[in-house]
Structures are given as structure tokens and as C-alpha cells.
$ cat run21.cif   # mmCIF, C-alpha atoms
data_upload
loop_
_atom_site.label_atom_id
_atom_site.label_comp_id
_atom_site.auth_asym_id
_atom_site.auth_seq_id
_atom_site.Cartn_x
_atom_site.Cartn_y
_atom_site.Cartn_z
CA MET A 193 -31.22 65.80 58.54
CA LYS A 194 -33.72 64.11 60.83
CA VAL A 195 -36.41 66.31 62.36
CA HIS A 196 -36.84 66.04 66.13
CA GLN A 197 -39.38 68.83 66.76
CA LEU A 198 -41.36 71.42 64.83
CA SER A 199 -42.68 74.74 66.05
CA VAL A 200 -45.00 76.98 64.02
CA THR A 201 -45.90 80.24 65.76
CA TYR A 202 -47.64 83.41 64.63
CA LEU A 203 -45.77 86.48 65.89
CA GLY A 204 -48.10 89.48 65.83
CA GLU A 205 -45.36 92.09 66.17
CA GLN A 206 -43.76 90.73 62.98
CA ASP A 207 -47.10 89.75 61.38
CA ARG A 208 -45.36 86.61 60.19
CA VAL A 209 -45.27 82.94 61.01
CA LEU A 210 -42.03 81.67 62.52
CA VAL A 211 -41.27 78.03 61.70
CA ARG A 212 -38.52 76.39 63.75
CA ILE A 213 -37.17 72.95 62.99
CA ASN A 214 -35.13 71.21 65.66
CA THR A 215 -33.06 68.27 64.37
CA THR A 216 -31.70 65.22 66.15
CA ASP A 217 -28.20 66.66 65.46
CA ALA A 218 -28.98 69.66 67.74
CA GLU A 219 -29.42 72.04 64.81
CA GLU A 220 -32.22 74.58 64.52
CA LEU A 221 -33.45 75.93 61.22
CA ARG A 222 -35.61 79.06 61.37
CA LEU A 223 -37.98 80.27 58.68
CA TRP A 224 -40.25 83.27 58.26
CA PHE A 225 -43.50 82.70 56.35
CA THR A 226 -45.13 85.92 55.21
CA ARG A 227 -48.87 86.27 54.74
CA ARG A 228 -48.53 86.24 50.94
CA LEU A 229 -46.43 83.09 50.95
CA THR A 230 -48.65 81.30 53.47
CA ILE A 231 -51.89 82.07 51.61
CA GLY A 232 -50.40 80.64 48.43
CA LEU A 233 -48.77 77.66 50.13
CA TRP A 234 -51.68 76.54 52.33
CA PRO A 235 -53.91 74.94 49.63
CA VAL A 236 -50.88 73.32 47.99
CA LEU A 237 -49.78 71.78 51.30
CA ASN A 238 -53.26 70.37 51.85
CA LYS A 239 -53.41 68.90 48.34
CA VAL A 240 -49.93 67.37 48.53
CA SER A 241 -50.68 66.00 51.99
CA THR A 242 -53.85 64.28 50.79
CA GLU A 243 -52.02 62.81 47.77
CA GLN A 244 -49.24 61.63 50.10
CA LEU A 245 -51.76 59.87 52.36
CA VAL A 246 -53.53 58.24 49.40
CA LYS A 247 -50.17 57.01 48.11
CA LEU A 248 -49.30 55.65 51.55
CA GLU A 249 -52.67 53.94 51.85
CA ALA A 250 -52.22 52.32 48.41
CA SER A 251 -48.79 50.98 49.43
CA VAL A 252 -50.15 49.61 52.71
CA THR A 253 -53.01 47.81 50.96
CA SER A 254 -50.57 46.05 48.59
CA GLY A 255 -51.13 48.40 45.68
CA THR A 256 -54.88 47.89 45.49
CA ALA A 257 -56.11 51.43 44.98
CA PRO A 258 -59.47 52.49 46.40
CA ALA A 259 -62.30 52.33 43.90
CA ASP A 260 -63.32 55.99 43.84
CA ASP A 261 -62.34 59.47 45.00
CA ASP A 262 -64.72 59.40 47.98
CA MET A 263 -63.11 56.23 49.29
CA LYS A 264 -59.63 57.72 48.77
CA LYS A 265 -60.60 60.84 50.72
CA MET A 266 -62.14 58.77 53.52
CA LEU A 267 -59.00 56.63 53.85
CA ALA A 268 -56.77 59.73 53.76
CA ASP A 269 -58.89 61.40 56.48
CA PHE A 270 -58.71 58.26 58.61
CA ARG A 271 -54.91 58.06 58.27
CA LYS A 272 -54.60 61.80 59.03
CA GLN A 273 -56.55 61.39 62.28
CA GLU A 274 -54.44 58.38 63.20
CA PHE A 275 -51.21 60.37 62.73
CA LEU A 276 -52.51 63.34 64.71
CA GLN A 277 -53.54 61.08 67.61
CA GLN A 278 -50.05 59.56 67.68
CA ALA A 279 -48.27 62.93 67.50
CA ASP A 280 -46.85 64.60 70.60
CA PHE A 281 -48.12 68.18 70.70
CA ASP A 282 -47.75 68.42 74.49
CA THR A 283 -43.96 68.37 74.86
CA PRO A 284 -42.68 71.96 74.80
CA TYR A 285 -40.34 72.94 72.01
CA ASN A 286 -36.71 72.65 73.14
CA GLU A 287 -35.54 76.26 73.51
CA GLN A 288 -31.91 75.39 74.31
CA GLN A 289 -29.32 77.05 72.13
CA HIS A 290 -28.68 74.93 69.06
CA THR A 291 -26.28 75.19 66.15
CA LEU A 292 -27.87 77.53 63.60
CA PRO A 293 -26.67 76.39 60.14
CA LEU A 294 -28.70 79.13 58.42
CA GLY A 295 -27.53 81.80 60.83
CA GLU A 296 -29.22 83.71 63.65
CA GLU A 297 -31.70 85.50 61.39
CA PRO A 298 -34.54 83.26 60.12
CA LEU A 299 -34.68 82.52 56.41
CA LEU A 300 -37.31 84.83 54.88
CA VAL A 301 -38.89 82.27 52.55
CA THR A 302 -39.66 83.69 49.10
CA ASP A 303 -40.02 80.42 47.19
CA VAL A 304 -41.10 76.91 48.12
CA SER A 305 -41.06 73.91 45.83
CA ILE A 306 -42.61 70.58 46.78
CA THR A 307 -41.53 67.34 45.13
CA PRO A 308 -43.07 63.90 45.73
CA LEU A 309 -40.38 61.28 46.29
CA PRO A 310 -40.51 57.50 45.88
CA GLY A 311 -42.56 55.86 48.59
CA SER A 312 -44.66 58.36 50.48
CA MET A 313 -42.01 61.00 51.22
CA VAL A 314 -42.18 64.62 50.07
CA ARG A 315 -39.26 67.02 49.70
CA MET A 316 -39.77 70.72 50.36
CA ASP A 317 -37.17 73.23 49.16
CA PHE A 318 -37.23 76.59 50.97
CA VAL A 319 -35.44 79.50 49.28
CA GLU A 320 -34.76 83.08 50.31
CA LYS A 321 -33.95 85.32 47.34
CA PRO A 322 -32.92 88.70 48.73
CA PRO A 323 -33.42 91.80 46.60
CA GLY A 324 -30.40 93.11 44.75
CA ASP A 325 -27.19 91.15 44.57
CA GLY A 326 -27.50 89.32 47.91
CA SER A 327 -26.73 85.63 47.81
CA PRO A 328 -29.74 83.34 48.21
CA ARG A 329 -30.05 80.97 51.15
CA SER A 330 -31.91 77.67 50.99
CA PHE A 331 -32.34 74.22 52.44
CA GLN A 332 -34.31 71.04 51.82
CA LEU A 333 -36.53 69.11 54.16
CA GLU A 334 -37.94 65.63 53.59
CA LEU A 335 -41.25 64.89 55.28
CA ASP A 336 -42.92 61.56 55.82
CA PRO A 337 -46.74 61.57 56.05
CA GLN A 338 -46.78 61.82 59.84
CA LEU A 339 -44.39 64.79 59.89
CA MET A 340 -46.41 66.48 57.13
CA GLN A 341 -49.58 66.11 59.20
CA GLY A 342 -47.82 67.64 62.19
CA LEU A 343 -46.66 70.59 60.06
CA LEU A 344 -50.20 71.10 58.72
CA HIS A 345 -51.72 70.91 62.18
CA LEU A 346 -49.33 73.48 63.65
CA THR A 347 -49.68 75.76 60.62
CA ARG A 348 -53.48 75.58 60.86
CA GLN A 349 -53.28 76.74 64.48
CA ALA A 350 -50.95 79.63 63.56
CA LEU A 351 -53.25 80.69 60.71
CA ALA A 352 -56.27 80.76 62.99
CA GLN A 353 -54.33 82.95 65.42
CA ALA A 354 -53.05 85.24 62.63
CA ASP A 355 -56.56 85.97 61.31
CA TRP A 356 -55.16 86.51 57.80
CA GLN A 357 -58.42 85.55 56.10
CA VAL A 358 -56.83 82.37 54.80
CA PRO A 359 -59.65 80.16 53.53
CA LEU A 360 -59.64 77.48 56.23
CA THR A 361 -62.14 74.71 55.63
CA ALA A 362 -64.89 73.90 58.12
CA ALA A 363 -62.83 70.87 59.20
CA ASP A 364 -59.80 73.13 59.79
CA LEU A 365 -61.84 75.51 61.95
CA ALA A 366 -63.40 72.63 63.90
CA ALA A 367 -59.94 71.17 64.56
CA VAL A 368 -58.63 74.52 65.83
CA GLN A 369 -61.67 74.98 68.09
CA SER A 370 -61.34 71.43 69.41
CA ASP A 371 -57.65 72.03 70.18
CA ALA A 372 -58.44 75.27 71.99
CA ASN A 373 -61.13 73.56 74.09
CA ASN A 374 -58.87 70.63 74.92
CA ASP A 375 -55.99 72.92 75.87
CA ALA A 376 -58.20 74.95 78.18
CA GLY A 377 -59.92 71.88 79.63
CA GLU A 378 -63.31 73.32 78.70
CA ASP A 379 -66.42 71.77 77.33
CA THR A 380 -67.37 72.61 73.75
CA ALA A 381 -70.20 74.99 74.64
CA PRO A 382 -69.70 78.40 73.03
CA GLN A 383 -68.47 81.12 75.32
CA ARG A 384 -69.69 84.67 75.47
CA PRO A 385 -67.28 87.12 73.87
CA ARG A 386 -65.11 89.24 76.14
CA TYR A 387 -64.08 92.76 75.29
CA LEU A 388 -61.06 94.44 76.81
CA ASN A 389 -60.18 98.13 76.63
#

$ encode --input "run21.cif" --output "C-alpha cells"
Amino acid sequence: MKVHQLSVTYLGEQDRVLVRINTTDAEELRLWFTRRLTIGLWPVLNKVSTEQLVKLEASVTSGTAPADDDMKKMLADFRKQEFLQQADFDTPYNEQQHTLPLGEEPLLVTDVSITPLPGSMVRMDFVEKPPGDGSPRSFQLELDPQLMQGLLHLTRQALAQADWQVPLTAADLAAVQSDANNDAGEDTAPQRPRYLN
């Protein structure tokens, strides 16, 4: 399965995050992330992403690993910014009806496992274990570093909108604010709060 587009959206009426994955084979996979799952998954995704970028950087520099942790973090941050600048966040998600291999109802993710693969790929296994005797549903997704950065970026935006008290770092919050200012075509000066009845 080759990913064509990702969409990560907080839906207030469900108080969940809806993740949609559009493949090049015109399939759409839909996932629900609950607050509990997202709060537990967020720091793991960040850690795995950084390790993935460090591994990529080591392979690009012919196996010569950076001397210390600060250098590794700096190189990973540089590569992350490079991927985000190359990503296309402006093209709207394709809403056309696709084949739904998991069915109409999104997979309510109860378990996620993340496995580093050879090279700089990462495999994520998403599992829905329904209560009782219901049969579980699952699927696997392989992410290269650029796709992982896109997933993190979109998830960060959804978390900021959800206001779930997920511990976003200062860099996360700055990225969300920068995105909001760029989308609105505003300068970065703080705005006065507005209150609506």
C-alpha cells in the first residue's frame, strides 16, 4: 500500500481525532484516535521519529555517526524542517468516494505497535479490539521519514485544536502558531482575544 494523502482532523462532536489515509490504489483507510490513545502515542511518535531521522542522517553521511547527542538532535531537526518544507499541506484532501477496505466505520484504534525496519522505514500496526467476542480489525502502514514528519505535523495541529492537555513542547506550539499565522496571512503579532456568546 502506497500512501497518497493523509488527513488528521479533530472532530469536536466525537471528541476524537479522525485519521484518513488515501492510497494510490484509490483506497481510504479511516481510523479513530481517542484522547487516551493519542496522549500515550504522542511522545512515542516523537521519539521514534527522531530516531528515524538520526538513522537516515547516519546512512546519508556514509555511516559516520554524529559525535554527540546534541549534534544528532540538530541534524534530526534540520532534516525534519527540510521534509516539512517539501511537503504539500496546501492540496485539499481528496474527498471522492474510495474503496474502503476496513469498511465504512473508522477503525477505533485500541493498540498501536511501532517497529523500526531496515533502512529508515517504520512500520505501524493499528488494531481495534472490540469488547466481547467481536473480531478484531487491523492493518499495517509503513512510513518513510518524510511521511512520518507529515503525520506528526498534522497530528500536532489536531492536538492543538482538541485542547486535550497533551504536553506539546514549545517547538510544537510555535509550529502550530506559525501555521495558523501563515494560513490566515497574518503577521505574528499577538491578537486580542475575542469572546462570543

$ atom_distance --input "run21.cif" --atom1 "CA of Leu351 (chain A)" --atom2 "CA of Ser199 (chain A)"
13.3 Å

$ closest_residue --input "run21.cif" --among "A:Asp262, A:Asp303, A:Glu334, A:Glu249" --to "Lys194 (chain A)" --atoms "all atoms listed in the file"
A:Glu334

$ closest_residue --input "run21.cif" --among "A:Gln278, A:Thr283, A:Thr230, A:Gln332" --to "Thr302 (chain A)" --atoms "all atoms listed in the file"
A:Thr230

$ closest_residue --input "run21.cif" --among "A:Arg212, A:Arg329, A:His345, A:Lys247" --to "Asp280 (chain A)" --atoms "all atoms listed in the file"
A:His345

$ resolve_selection --input "run21.cif" --expression "the PyMOL selection byres ((chain A and resi 221) around 12)" --output "PyMOL selection string"
chain A and resi 193-200+210-220+222-224+289-300+318+329-333

$ resolve_selection --input "run21.cif" --expression "the PyMOL selection byres ((chain A and resi 242) around 12)" --output "VMD selection string"
chain A and resid 235 to 241 243 to 249 261 264 to 272 308 312 314 337 to 338 340 to 341 344

$ residues_around --input "run21.cif" --residues "Met313 (chain A)" --least-positions-apart "2" --cutoff "6 Å" --atoms "only C-alpha atoms" --output "list in words"
Leu309, Gly311, Leu335 and Asp336 of chain A

$ atom_distance --input "run21.cif" --atom1 "CA of Val319 (chain A)" --atom2 "CA of Leu233 (chain A)"
13.5 Å

$ residues_around --input "run21.cif" --residues "Arg208 (chain A)" --least-positions-apart "4" --cutoff "6 Å" --atoms "all atoms listed in the file" --output "list in words"
Tyr202, Leu203, Phe225 and Thr226 of chain A

$ closest_residue --input "run21.cif" --among "A:Arg227, A:Val301, A:Gln349, A:Pro310" --to "Pro328 (chain A)" --atoms "only C-alpha atoms"
A:Val301

$ resolve_selection --input "run21.cif" --expression "the PyMOL selection byres ((chain A and resi 354) around 8)" --output "PDB file with C-alpha atoms, keeping the file's coordinate frame"
ATOM      1  CA  TYR A 202     -47.640  83.410  64.630  1.00  0.00           C
ATOM      2  CA  GLY A 204     -48.100  89.480  65.830  1.00  0.00           C
ATOM      3  CA  ASP A 207     -47.100  89.750  61.380  1.00  0.00           C
ATOM      4  CA  ALA A 350     -50.950  79.630  63.560  1.00  0.00           C
ATOM      5  CA  LEU A 351     -53.250  80.690  60.710  1.00  0.00           C
ATOM      6  CA  ALA A 352     -56.270  80.760  62.990  1.00  0.00           C
ATOM      7  CA  GLN A 353     -54.330  82.950  65.420  1.00  0.00           C
ATOM      8  CA  ASP A 355     -56.560  85.970  61.310  1.00  0.00           C
ATOM      9  CA  TRP A 356     -55.160  86.510  57.800  1.00  0.00           C
TER      10      TRP A 356
END

$ closest_residue --input "run21.cif" --among "A:Ser251, A:Leu229, A:Gln357, A:Asn286" --to "Glu320 (chain A)" --atoms "all atoms listed in the file"
A:Leu229
